[in-house]
Amino acid sequence: MIFKILTLFPDFFSSPLRTGLLGKAVESGIIEVSVTDIREHATDNYRSCDDYPYGGGSGMVLMAGPLGRALERIRGEHTRVVLTSPSGTLLTQDLVSELAGHRDLCIVCGRYEGVDQRVIDRYIDYEISIGDYVLSGGEYAALAIIDAVSRYIPGFMSNRESLAEESFVGGLLEYPHYTRPEDIFGMKVPDVLLGGNHKKISEWRQDESIEKTKRVRPDLYKKYLLRKISGE
Ligand code: ADE
């Protein structure tokens with residue numbers, strides 16, 4: 001899987017791409033990540049990449065020229081281009097799984113008030129938000145996307161099973177986990193998990209998943225019920 005990041009802040013990515021599972025995946029070649037500074041494609045002496053919005057308003061807009069040239073340079077025949085933006089489609093596990101199918105993703109980190117619409121119309125396949133809140137830059141979102149997508153790449157996670165069981169896959173949040181010791185802070189591990197009856201454990205986990213989803217994510221719970229009713 002190849003990720004090509006376009007950003008005004010290339011240094012942002014140095015530590016995360018060397019750390020944890022992402023760092024290991026880069027080192028072993030399971031994923032390949034390139035980071036390109038959009039500023040390298042500016043043409044004036046100030047290396048300008050942003051300008052005032054036509055029609056007025058606050059903030060600066062990422063110019064079409066430097067970004068367009070950068071995209072022309074790094075885009076290949078099979079590249080899908082993602083723009084991170086608070087006004088994009090909300091990232092879900094389903095969308096992550098779709099992105100993982102492309103194998104060559106360019107992620108443009110949005111900045112300032114926005115990006116010249118003409119670049120979006122011409123080059124962007126997915127405009128993606130990682131949540132209904134505003135970040136100071138799209139770099140945070142780009143990292144979240146890269147991490148979530150990489151987990152679908154064979155060899156990224158040592159335990160592939162956990163991808164199938166975890167939250168959101170199947171539309172429910174994950175059940176609670178416990179590990180040793182059996183008793184701490186006066187709180188005990190639920191008996192069912194100590195009994196070794198796998199059918200009962202599995203039923204308990206399913207019930208807990210449903211209860212938690214109902215409590216903290218009524219929107220997901222509603223979808224779960226609808227799917228159940230329609231027999232999916
Ligand atoms: N840039 C600023 N806020 C963002 C968000 N919520 N998602 C993606 N990119 C962003």
# chains A, B, ... in the order shown; residues from 1 in each chain; ligands from 1
$ residues_around --residues "Tyr221 (chain A)" --least-positions-apart "6" --cutoff "12 Å" --atoms "only C-alpha atoms" --output "ChimeraX atom specification"
/A:168,170-173,209-215,227-228
$ residues_around --residues "Ile145 (chain A)" --least-positions-apart "2" --cutoff "10 Å" --atoms "only C-alpha atoms" --output "list in words"
Val82, Thr84, Leu91, Leu95, Val96, Leu99, Ala100, Ile107, Ile128, Ser129, Ile130, Glu139, Tyr140, Ala141, Ala142, Leu143, Asp147, Ala148, Val149 and Ser150 of chain A
$ write_last_selection --atoms "N, CA, C and O atoms" --output "PDB file, in the first residue's frame"
ATOM      1  N   VAL A  82      -7.426  11.857  -1.789  1.00  0.00           N
ATOM      2  CA  VAL A  82      -8.264  12.197  -0.634  1.00  0.00           C
ATOM      3  C   VAL A  82      -7.899  13.599  -0.175  1.00  0.00           C
ATOM      4  O   VAL A  82      -6.719  13.936  -0.074  1.00  0.00           O
ATOM      5  N   THR A  84      -8.441  16.034   3.171  1.00  0.00           N
ATOM      6  CA  THR A  84      -8.977  16.083   4.530  1.00  0.00           C
ATOM      7  C   THR A  84      -9.614  17.455   4.743  1.00  0.00           C
ATOM      8  O   THR A  84      -9.015  18.481   4.437  1.00  0.00           O
ATOM      9  N   LEU A  91     -15.734   9.981   8.069  1.00  0.00           N
ATOM     10  CA  LEU A  91     -14.993   8.713   7.967  1.00  0.00           C
ATOM     11  C   LEU A  91     -15.640   7.653   8.849  1.00  0.00           C
ATOM     12  O   LEU A  91     -15.854   7.873  10.037  1.00  0.00           O
ATOM     13  N   LEU A  95     -15.968   3.154   5.131  1.00  0.00           N
ATOM     14  CA  LEU A  95     -15.186   3.977   4.202  1.00  0.00           C
ATOM     15  C   LEU A  95     -13.698   3.627   4.305  1.00  0.00           C
ATOM     16  O   LEU A  95     -12.991   3.574   3.296  1.00  0.00           O
ATOM     17  N   VAL A  96     -13.226   3.368   5.525  1.00  0.00           N
ATOM     18  CA  VAL A  96     -11.825   2.957   5.722  1.00  0.00           C
ATOM     19  C   VAL A  96     -11.550   1.692   4.906  1.00  0.00           C
ATOM     20  O   VAL A  96     -10.558   1.592   4.186  1.00  0.00           O
ATOM     21  N   LEU A  99     -11.320   2.483   1.257  1.00  0.00           N
ATOM     22  CA  LEU A  99     -10.047   3.136   0.922  1.00  0.00           C
ATOM     23  C   LEU A  99      -8.917   2.105   0.858  1.00  0.00           C
ATOM     24  O   LEU A  99      -8.022   2.200   0.013  1.00  0.00           O
ATOM     25  N   ALA A 100      -8.973   1.119   1.763  1.00  0.00           N
ATOM     26  CA  ALA A 100      -7.912   0.102   1.818  1.00  0.00           C
ATOM     27  C   ALA A 100      -7.873  -0.725   0.530  1.00  0.00           C
ATOM     28  O   ALA A 100      -6.848  -1.310   0.195  1.00  0.00           O
ATOM     29  N   ILE A 107      -3.010  11.687  -0.054  1.00  0.00           N
ATOM     30  CA  ILE A 107      -3.812  12.427   0.925  1.00  0.00           C
ATOM     31  C   ILE A 107      -3.349  13.875   0.959  1.00  0.00           C
ATOM     32  O   ILE A 107      -2.188  14.165   1.280  1.00  0.00           O
ATOM     33  N   ILE A 128     -12.815  14.041   2.950  1.00  0.00           N
ATOM     34  CA  ILE A 128     -13.127  13.279   4.165  1.00  0.00           C
ATOM     35  C   ILE A 128     -12.906  14.081   5.439  1.00  0.00           C
ATOM     36  O   ILE A 128     -11.864  14.717   5.629  1.00  0.00           O
ATOM     37  N   SER A 129     -13.906  14.024   6.326  1.00  0.00           N
ATOM     38  CA  SER A 129     -13.798  14.600   7.672  1.00  0.00           C
ATOM     39  C   SER A 129     -13.657  13.455   8.669  1.00  0.00           C
ATOM     40  O   SER A 129     -14.291  12.410   8.509  1.00  0.00           O
ATOM     41  N   ILE A 130     -12.825  13.645   9.702  1.00  0.00           N
ATOM     42  CA  ILE A 130     -12.709  12.570  10.698  1.00  0.00           C
ATOM     43  C   ILE A 130     -13.641  12.810  11.882  1.00  0.00           C
ATOM     44  O   ILE A 130     -13.621  12.060  12.852  1.00  0.00           O
ATOM     45  N   GLU A 139      -3.490  17.631   8.762  1.00  0.00           N
ATOM     46  CA  GLU A 139      -2.440  16.630   9.027  1.00  0.00           C
ATOM     47  C   GLU A 139      -2.909  15.594  10.056  1.00  0.00           C
ATOM     48  O   GLU A 139      -2.605  14.404   9.943  1.00  0.00           O
ATOM     49  N   TYR A 140      -3.625  16.065  11.091  1.00  0.00           N
ATOM     50  CA  TYR A 140      -4.121  15.145  12.129  1.00  0.00           C
ATOM     51  C   TYR A 140      -5.064  14.119  11.505  1.00  0.00           C
ATOM     52  O   TYR A 140      -5.022  12.927  11.822  1.00  0.00           O
ATOM     53  N   ALA A 141      -5.905  14.599  10.607  1.00  0.00           N
ATOM     54  CA  ALA A 141      -6.868  13.717   9.953  1.00  0.00           C
ATOM     55  C   ALA A 141      -6.146  12.743   9.017  1.00  0.00           C
ATOM     56  O   ALA A 141      -6.505  11.565   8.945  1.00  0.00           O
ATOM     57  N   ALA A 142      -5.120  13.234   8.319  1.00  0.00           N
ATOM     58  CA  ALA A 142      -4.381  12.365   7.393  1.00  0.00           C
ATOM     59  C   ALA A 142      -3.770  11.190   8.151  1.00  0.00           C
ATOM     60  O   ALA A 142      -3.837  10.038   7.706  1.00  0.00           O
ATOM     61  N   LEU A 143      -3.206  11.479   9.312  1.00  0.00           N
ATOM     62  CA  LEU A 143      -2.605  10.407  10.119  1.00  0.00           C
ATOM     63  C   LEU A 143      -3.657   9.394  10.556  1.00  0.00           C
ATOM     64  O   LEU A 143      -3.419   8.184  10.536  1.00  0.00           O
ATOM     65  N   ASP A 147      -3.522   5.463   9.507  1.00  0.00           N
ATOM     66  CA  ASP A 147      -3.493   4.421  10.536  1.00  0.00           C
ATOM     67  C   ASP A 147      -4.660   3.448  10.369  1.00  0.00           C
ATOM     68  O   ASP A 147      -4.483   2.231  10.371  1.00  0.00           O
ATOM     69  N   ALA A 148      -5.857   4.001  10.215  1.00  0.00           N
ATOM     70  CA  ALA A 148      -7.055   3.149  10.123  1.00  0.00           C
ATOM     71  C   ALA A 148      -7.010   2.261   8.879  1.00  0.00           C
ATOM     72  O   ALA A 148      -7.367   1.075   8.940  1.00  0.00           O
ATOM     73  N   VAL A 149      -6.548   2.818   7.753  1.00  0.00           N
ATOM     74  CA  VAL A 149      -6.481   2.047   6.501  1.00  0.00           C
ATOM     75  C   VAL A 149      -5.400   0.971   6.601  1.00  0.00           C
ATOM     76  O   VAL A 149      -5.599  -0.175   6.180  1.00  0.00           O
ATOM     77  N   SER A 150      -4.257   1.322   7.193  1.00  0.00           N
ATOM     78  CA  SER A 150      -3.128   0.378   7.261  1.00  0.00           C
ATOM     79  C   SER A 150      -3.497  -0.887   8.015  1.00  0.00           C
ATOM     80  O   SER A 150      -2.943  -1.963   7.749  1.00  0.00           O
TER      81      SER A 150
END
$ residues_around --residues "Met63 (chain A)" --least-positions-apart "4" --cutoff "8 Å" --atoms "only C-alpha atoms" --output "list in words"
Cys49, Asp50, Asp51, Leu67, Val115 and Asp116 of chain A
$ write_last_selection --atoms "N, CA and C atoms" --output "PDB file, in the first residue's frame"
ATOM      1  N   CYS A  49       1.618  29.686  -1.140  1.00  0.00           N
ATOM      2  CA  CYS A  49       0.692  28.577  -1.425  1.00  0.00           C
ATOM      3  C   CYS A  49      -0.737  28.947  -1.047  1.00  0.00           C
ATOM      4  N   ASP A  50      -0.930  30.105  -0.419  1.00  0.00           N
ATOM      5  CA  ASP A  50      -2.275  30.494  -0.005  1.00  0.00           C
ATOM      6  C   ASP A  50      -2.513  31.950  -0.360  1.00  0.00           C
ATOM      7  N   ASP A  51      -3.801  32.323  -0.472  1.00  0.00           N
ATOM      8  CA  ASP A  51      -4.137  33.699  -0.830  1.00  0.00           C
ATOM      9  C   ASP A  51      -5.520  34.038  -0.274  1.00  0.00           C
ATOM     10  N   LEU A  67      -0.703  23.312  -5.524  1.00  0.00           N
ATOM     11  CA  LEU A  67      -1.298  22.021  -5.184  1.00  0.00           C
ATOM     12  C   LEU A  67      -1.553  21.191  -6.441  1.00  0.00           C
ATOM     13  N   VAL A 115      -9.690  25.040   0.406  1.00  0.00           N
ATOM     14  CA  VAL A 115      -8.856  24.791  -0.764  1.00  0.00           C
ATOM     15  C   VAL A 115      -9.623  25.318  -1.974  1.00  0.00           C
ATOM     16  N   ASP A 116      -8.921  25.934  -2.917  1.00  0.00           N
ATOM     17  CA  ASP A 116      -9.582  26.436  -4.129  1.00  0.00           C
ATOM     18  C   ASP A 116     -10.442  25.310  -4.743  1.00  0.00           C
TER      19      ASP A 116
END
$ residues_near_ligand --ligand "ligand 1" --cutoff "7 Å" --atoms "only C-alpha atoms and all ligand atoms" --output "count of residues only"
17
$ select_by_dssp --residues "region 18-137 of chain A" --states "strand (DSSP E)" --output "ChimeraX atom specification"
/A:32-37,50-51,61-62,80-90,104-109,114-115,126-129
$ closest_residue --among "A:Pro176, A:Gly68, A:Pro190, A:Gly155" --to "Val108 (chain A)" --atoms "only C-alpha atoms"
A:Gly68
$ residues_around --residues "Phe9 (chain A)" --least-positions-apart "6" --cutoff "10 Å" --atoms "only C-alpha atoms" --output "JSON, numbers by chain"
{"A": [35, 36, 37, 38, 39, 109, 137, 139]}
